[in-house]
Amino acid sequence: MSSSSSSLCFSEASQTFKDKNITQDEYYQHILAHCTGYLHDEDEDSELSQPSSLQDTDPFAYAVQCFMKRKDFIKDNTPLEEAFKALDQQDVQTIQGAAAKLDGEQHAQKFLYQILALRALQLRKARVLKYCLDMGGFPYEDYFEDEADRVREDKDPLTFKVLEESQFRKVYPRKEERHDQGEGHGDSDISDSSLGAEERDRRERDRAAAAFDEGGGFPVDW
């Protein structure tokens, strides 16, 4: 595994972006650089070997961090960067082209859909979210479920409609109202650790049942 002096570790990239000292595209570059196996001393010493605070403070960075722990790295993360650059403008055609470049790495392609869906949900980018959910083939983690339950029909009707009409909602029905905290969402008021035992058990059962074929009209390739 290699090390990069030009990219920031997970925690530093997350905090620097929140402090508005780097752009969103730069934030994506720093986080996504890890997907090829780049490792910083900070990552190895404190972030990959211990439970991460990023799950609560930056679920997107946390999702990439979990991918790193699998050590199933991507050869070239350029398609990921291309897809995320197209996210703000919801340029689905560019995203489709970027995903096609990962056809030879199905695990990478499905991972792209997973993290892009999460970020599209956080930013309320309904067209991109729908594309990712329709492609499917990836698991829905608790932080995705929590964020989905924060979407309000009166405030984000397009994103709400995409979620309610998706296969995701058939597996994970909407629960109690969540407080919509705007982009950043890291200060989540609900996490698995704060839930009751019954709710935690329900989530685990749902994830286990959905793991066989999750996401949309496209089944998982085993």
# chains A, B, ... in the order shown; residues from 1 in each chain; ligands from 1
>>> residues_around(residues="region 114-127 of chain A", least_positions_apart="4", cutoff="9 Å", atoms="only C-alpha atoms", output="MDAnalysis selection string")
chainID A and resid 59:60 63:64 80 83:84 87:92 109:110 131:133 136:140 143:144 147:148 151 156 158:163 182:185
>>> write_last_selection(atoms="N, CA, C and O atoms", output="compact mmCIF listing (two decimals), in the first residue's frame")
# COMPACT_ATOMS: atom_id res chain seq x y z
N PRO A 59 -20.35 11.02 7.09
CA PRO A 59 -20.67 9.68 6.60
C PRO A 59 -20.08 9.37 5.23
O PRO A 59 -19.76 8.22 4.95
N PHE A 60 -19.95 10.38 4.37
CA PHE A 60 -19.36 10.12 3.05
C PHE A 60 -17.90 9.67 3.19
O PHE A 60 -17.50 8.66 2.61
N ALA A 63 -17.76 6.19 4.55
CA ALA A 63 -18.05 5.13 3.58
C ALA A 63 -16.80 4.76 2.79
O ALA A 63 -16.54 3.58 2.53
N VAL A 64 -16.02 5.76 2.41
CA VAL A 64 -14.78 5.50 1.68
C VAL A 64 -13.77 4.83 2.60
O VAL A 64 -13.04 3.92 2.19
N LEU A 80 -14.08 7.94 -10.70
CA LEU A 80 -14.81 8.40 -9.52
C LEU A 80 -14.78 9.93 -9.45
O LEU A 80 -15.81 10.57 -9.19
N ALA A 83 -17.12 11.43 -12.01
CA ALA A 83 -18.52 11.31 -11.62
C ALA A 83 -18.89 12.36 -10.58
O ALA A 83 -19.96 12.99 -10.66
N PHE A 84 -18.01 12.58 -9.61
CA PHE A 84 -18.33 13.54 -8.55
C PHE A 84 -18.26 14.98 -9.04
O PHE A 84 -18.98 15.85 -8.53
N LEU A 87 -21.62 15.80 -10.30
CA LEU A 87 -22.74 15.68 -9.36
C LEU A 87 -23.51 16.98 -9.19
O LEU A 87 -24.75 16.98 -9.26
N ASP A 88 -22.84 18.09 -8.98
CA ASP A 88 -23.53 19.34 -8.71
C ASP A 88 -24.48 19.74 -9.84
O ASP A 88 -25.58 20.25 -9.59
N GLN A 89 -24.04 19.54 -11.08
CA GLN A 89 -24.88 19.87 -12.23
C GLN A 89 -25.82 18.73 -12.61
O GLN A 89 -26.59 18.85 -13.57
N GLN A 90 -25.75 17.65 -11.87
CA GLN A 90 -26.59 16.47 -12.11
C GLN A 90 -26.47 15.99 -13.56
O GLN A 90 -27.47 15.67 -14.22
N ASP A 91 -25.25 15.94 -14.03
CA ASP A 91 -24.96 15.51 -15.40
C ASP A 91 -24.89 13.99 -15.42
O ASP A 91 -23.82 13.39 -15.34
N VAL A 92 -26.05 13.38 -15.52
CA VAL A 92 -26.14 11.92 -15.45
C VAL A 92 -25.41 11.26 -16.61
O VAL A 92 -24.81 10.18 -16.45
N GLN A 109 -17.43 -0.27 -9.54
CA GLN A 109 -18.61 0.36 -10.12
C GLN A 109 -19.75 0.45 -9.10
O GLN A 109 -20.40 1.49 -8.94
N LYS A 110 -19.97 -0.66 -8.39
CA LYS A 110 -21.04 -0.67 -7.38
C LYS A 110 -20.70 0.24 -6.21
O LYS A 110 -21.59 0.88 -5.63
N TYR A 131 -30.74 7.79 -10.43
CA TYR A 131 -29.88 6.96 -11.29
C TYR A 131 -29.16 5.89 -10.47
O TYR A 131 -29.14 4.72 -10.84
N CYS A 132 -28.57 6.30 -9.36
CA CYS A 132 -27.82 5.36 -8.53
C CYS A 132 -28.73 4.29 -7.93
O CYS A 132 -28.38 3.10 -7.90
N LEU A 133 -29.89 4.70 -7.44
CA LEU A 133 -30.81 3.73 -6.86
C LEU A 133 -31.34 2.78 -7.91
O LEU A 133 -31.55 1.59 -7.64
N GLY A 136 -28.48 0.27 -8.58
CA GLY A 136 -28.51 -0.64 -7.44
C GLY A 136 -27.29 -1.54 -7.32
O GLY A 136 -26.20 -1.23 -7.79
N GLY A 137 -27.50 -2.65 -6.64
CA GLY A 137 -26.44 -3.62 -6.43
C GLY A 137 -25.51 -3.29 -5.29
O GLY A 137 -24.44 -3.90 -5.17
N PHE A 138 -25.89 -2.37 -4.43
CA PHE A 138 -25.04 -1.99 -3.30
C PHE A 138 -25.87 -1.97 -2.02
O PHE A 138 -27.09 -1.80 -2.06
N PRO A 139 -25.22 -2.12 -0.87
CA PRO A 139 -25.96 -2.13 0.41
C PRO A 139 -26.32 -0.72 0.86
O PRO A 139 -25.64 0.25 0.52
N TYR A 140 -27.40 -0.61 1.60
CA TYR A 140 -27.80 0.65 2.21
C TYR A 140 -27.39 0.62 3.68
O TYR A 140 -27.93 -0.17 4.45
N TYR A 143 -26.38 5.04 7.94
CA TYR A 143 -26.30 6.49 7.76
C TYR A 143 -27.07 6.93 6.51
O TYR A 143 -27.56 8.06 6.45
N PHE A 144 -27.20 6.04 5.53
CA PHE A 144 -28.03 6.36 4.36
C PHE A 144 -29.50 6.35 4.77
O PHE A 144 -30.27 7.26 4.41
N GLU A 147 -30.31 9.48 6.78
CA GLU A 147 -30.38 10.69 5.94
C GLU A 147 -31.65 10.69 5.10
O GLU A 147 -32.29 11.72 4.94
N ALA A 148 -32.03 9.52 4.59
CA ALA A 148 -33.25 9.42 3.80
C ALA A 148 -34.47 9.81 4.63
O ALA A 148 -35.41 10.44 4.12
N VAL A 151 -35.33 13.60 4.81
CA VAL A 151 -35.85 14.31 3.65
C VAL A 151 -37.34 14.58 3.84
O VAL A 151 -38.12 13.67 4.11
N ASP A 156 -38.02 19.25 0.10
CA ASP A 156 -37.28 18.63 -1.02
C ASP A 156 -38.19 17.62 -1.72
O ASP A 156 -37.97 16.41 -1.63
N LEU A 158 -38.67 16.64 -4.84
CA LEU A 158 -38.13 15.75 -5.87
C LEU A 158 -37.36 14.59 -5.25
O LEU A 158 -37.52 13.43 -5.63
N THR A 159 -36.51 14.92 -4.28
CA THR A 159 -35.74 13.88 -3.59
C THR A 159 -36.67 12.96 -2.81
O THR A 159 -36.49 11.73 -2.80
N PHE A 160 -37.68 13.53 -2.19
CA PHE A 160 -38.66 12.75 -1.44
C PHE A 160 -39.36 11.76 -2.37
O PHE A 160 -39.52 10.58 -2.04
N LYS A 161 -39.76 12.24 -3.55
CA LYS A 161 -40.47 11.39 -4.52
C LYS A 161 -39.57 10.25 -4.99
O LYS A 161 -40.02 9.10 -5.09
N VAL A 162 -38.30 10.54 -5.28
CA VAL A 162 -37.37 9.51 -5.72
C VAL A 162 -37.25 8.42 -4.66
O VAL A 162 -37.29 7.22 -4.97
N LEU A 163 -37.11 8.83 -3.42
CA LEU A 163 -36.97 7.86 -2.33
C LEU A 163 -38.22 7.02 -2.17
O LEU A 163 -38.16 5.79 -2.04
N GLY A 182 -29.52 20.26 6.95
CA GLY A 182 -28.81 20.87 5.84
C GLY A 182 -27.56 20.10 5.51
O GLY A 182 -27.23 19.11 6.13
N GLU A 183 -26.85 20.55 4.47
CA GLU A 183 -25.64 19.86 4.04
C GLU A 183 -24.63 19.88 5.17
O GLU A 183 -24.44 20.86 5.85
N GLY A 184 -23.95 18.78 5.30
CA GLY A 184 -23.02 18.64 6.41
C GLY A 184 -23.44 17.46 7.24
O GLY A 184 -22.65 16.60 7.56
N HIS A 185 -24.73 17.38 7.58
CA HIS A 185 -25.38 16.21 8.14
C HIS A 185 -24.52 15.40 9.09
O HIS A 185 -24.95 14.42 9.61
>>> residues_around(residues="Lys101 (chain A)", least_positions_apart="5", cutoff="12 Å", atoms="only C-alpha atoms", output="ChimeraX atom specification")
/A:74-83,94-96,106,108-109,112
>>> atom_distance(atom1="CA of Phe67 (chain A)", atom2="CA of Phe111 (chain A)")
8.1 Å
>>> atom_distance(atom1="CA of Glu145 (chain A)", atom2="CA of Gln15 (chain A)")
23.7 Å
